[in-house]
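Structure file work-v1.txt (compact mmCIF, C-alpha atoms) is printed below.
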```txt
# COMPACT_ATOMS: atom_id res chain seq x y z
CA MET O 2 0.00 0.00 0.00
CA SER O 3 1.43 3.38 -0.96
CA LEU O 4 -0.46 6.52 0.03
CA GLU O 5 0.39 10.20 0.21
CA SER O 6 -0.76 13.23 2.15
CA THR O 7 0.33 16.86 2.13
CA VAL O 8 2.18 18.54 5.00
CA THR O 9 0.74 21.94 5.93
CA SER O 10 2.78 25.03 6.82
CA LYS O 11 2.25 24.06 10.49
CA GLY O 12 3.76 20.60 9.89
CA GLN O 13 0.41 18.85 10.09
CA THR O 14 -0.96 16.15 7.81
CA THR O 15 -4.08 14.03 7.63
CA LEU O 16 -3.59 10.29 7.81
CA PRO O 17 -5.35 8.70 4.85
CA LYS O 18 -8.48 6.73 5.72
CA ASP O 19 -6.88 3.42 4.64
CA VAL O 20 -3.94 4.03 7.01
CA ARG O 21 -6.26 4.84 9.92
CA LYS O 22 -8.29 1.73 9.16
CA HIS O 23 -5.18 -0.48 8.86
CA LEU O 24 -3.88 0.72 12.25
CA GLY O 25 -7.33 0.70 13.84
CA LEU O 26 -7.06 4.39 14.73
CA LYS O 27 -9.88 6.65 15.82
CA ALA O 28 -10.03 10.30 16.87
CA GLY O 29 -7.87 10.96 19.93
CA ASP O 30 -5.61 7.91 19.47
CA LYS O 31 -1.84 8.34 19.66
CA VAL O 32 0.63 7.33 16.95
CA ARG O 33 4.38 6.77 17.20
CA TYR O 34 6.93 7.75 14.56
CA LEU O 35 9.96 5.46 14.33
CA VAL O 36 12.83 7.04 12.40
CA VAL O 37 14.64 4.36 10.39
CA ASP O 38 17.56 4.53 7.97
CA ASP O 39 15.47 5.04 4.85
CA GLY O 40 12.49 6.93 6.27
CA VAL O 41 9.89 6.90 9.03
CA ARG O 42 7.58 4.13 10.18
CA LEU O 43 4.21 5.04 11.69
CA VAL O 44 2.92 2.62 14.33
CA ARG O 45 0.25 2.46 16.96
CA PRO O 46 1.86 2.47 20.43
CA ARG O 47 1.27 -0.62 22.55
CA LYS O 48 0.76 -0.69 26.29
CA VAL O 49 3.61 -2.34 28.18
CA MET O 50 1.27 -4.98 29.59
CA SER O 51 0.50 -6.17 26.05
CA LEU O 52 4.06 -7.57 26.05
CA CYS O 53 3.34 -9.77 29.08
CA GLY O 54 4.19 -13.37 28.25
CA SER O 55 5.93 -12.52 24.99
CA LEU O 56 9.28 -13.94 26.18
CA PRO O 57 9.35 -17.65 26.92
CA HIS O 58 10.47 -18.66 30.43
CA GLU O 59 11.16 -22.16 31.65
CA GLY O 60 10.78 -22.91 35.34
CA ASP O 61 9.18 -21.25 38.32
CA PRO O 62 8.38 -17.53 38.39
CA VAL O 63 11.13 -15.29 39.81
CA SER O 64 10.36 -12.60 42.39
CA LEU O 65 11.42 -8.98 41.99
CA ASP O 66 13.69 -9.40 45.01
CA ASP O 67 15.42 -12.35 43.32
CA MET O 68 15.82 -10.30 40.13
CA ASP O 69 17.29 -7.37 42.08
CA GLU O 70 19.73 -9.72 43.81
CA ALA O 71 20.80 -11.23 40.47
CA VAL O 72 21.42 -7.74 39.06
CA ARG O 73 23.50 -6.78 42.13
CA ASP O 74 25.48 -10.03 41.90
CA GLY O 75 26.09 -9.51 38.19
CA ALA O 76 27.18 -5.90 38.70
CA ALA O 77 29.56 -6.91 41.51
CA ALA O 78 31.05 -9.70 39.39
CA ARG O 79 31.54 -7.34 36.48
CA GLN O 80 33.18 -4.75 38.72
CA ARG O 81 35.62 -7.38 40.08
CA ARG O 82 36.37 -8.52 36.52
CA ASP O 83 37.03 -4.96 35.29
CA ARG O 84 39.61 -4.18 37.99
```

Take the structure in the file and write it out as structure tokens.
Amino acid sequence: MSLESTVTSKGQTTLPKDVRKHLGLKAGDKVRYLVVDDGVRLVRPRKVMSLCGSLPHEGDPVSLDDMDEAVRDGAAARQRRDR
């Protein structure tokens, strides 16, 4: 799909209807512009919680305290290694 719109003197543009429909956008929704090497990609932002479960994990759940401890241990090990 290749569509165009005109940028106004205020830097505004209207998203073509097909783009709004493709992204499921309605009035008041936010969009995100991702600058890439050859242009810009327009995406609909996702809530962080929509990523829940997207990374596979084997084993029992890990508590935040356990994660914090692992980060501290890793940082201490790296600091000893870098000396």

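The smallest atom-to-atom distance between O:Lys31 and any of O:Met68, O:Leu43, O:Val49, O:Val8, using all atoms listed in the file, is found for O:Leu43.
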
Nearest candidate to O:Pro17 (options O:Ser3, O:Arg47, O:Gly29, O:Asp66; using all atoms listed in the file):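 Counting all atoms listed in the file, the residue closest to O:Pro17 is O:Ser3.
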
Rounded to one decimal place, report the atom CA of O:Gly40-atom CA of O:Ser55 distance in Å. 27.8 Å

Two-atom distance - atom CA of O:Lys11, atom CA of O:Lys48 (Å): 29.4 Å

What does the structure give for the distance between atom CA of O:Val44 and atom CA of O:Leu56, in Å to one decimal?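 Rounded to one decimal, the two atoms are 21.3 Å apart.
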
With distances taken over all atoms listed in the file, the candidate from O:Leu4, O:Val37, O:Ala78, O:Val63 nearest O:Leu16 is O:Leu4
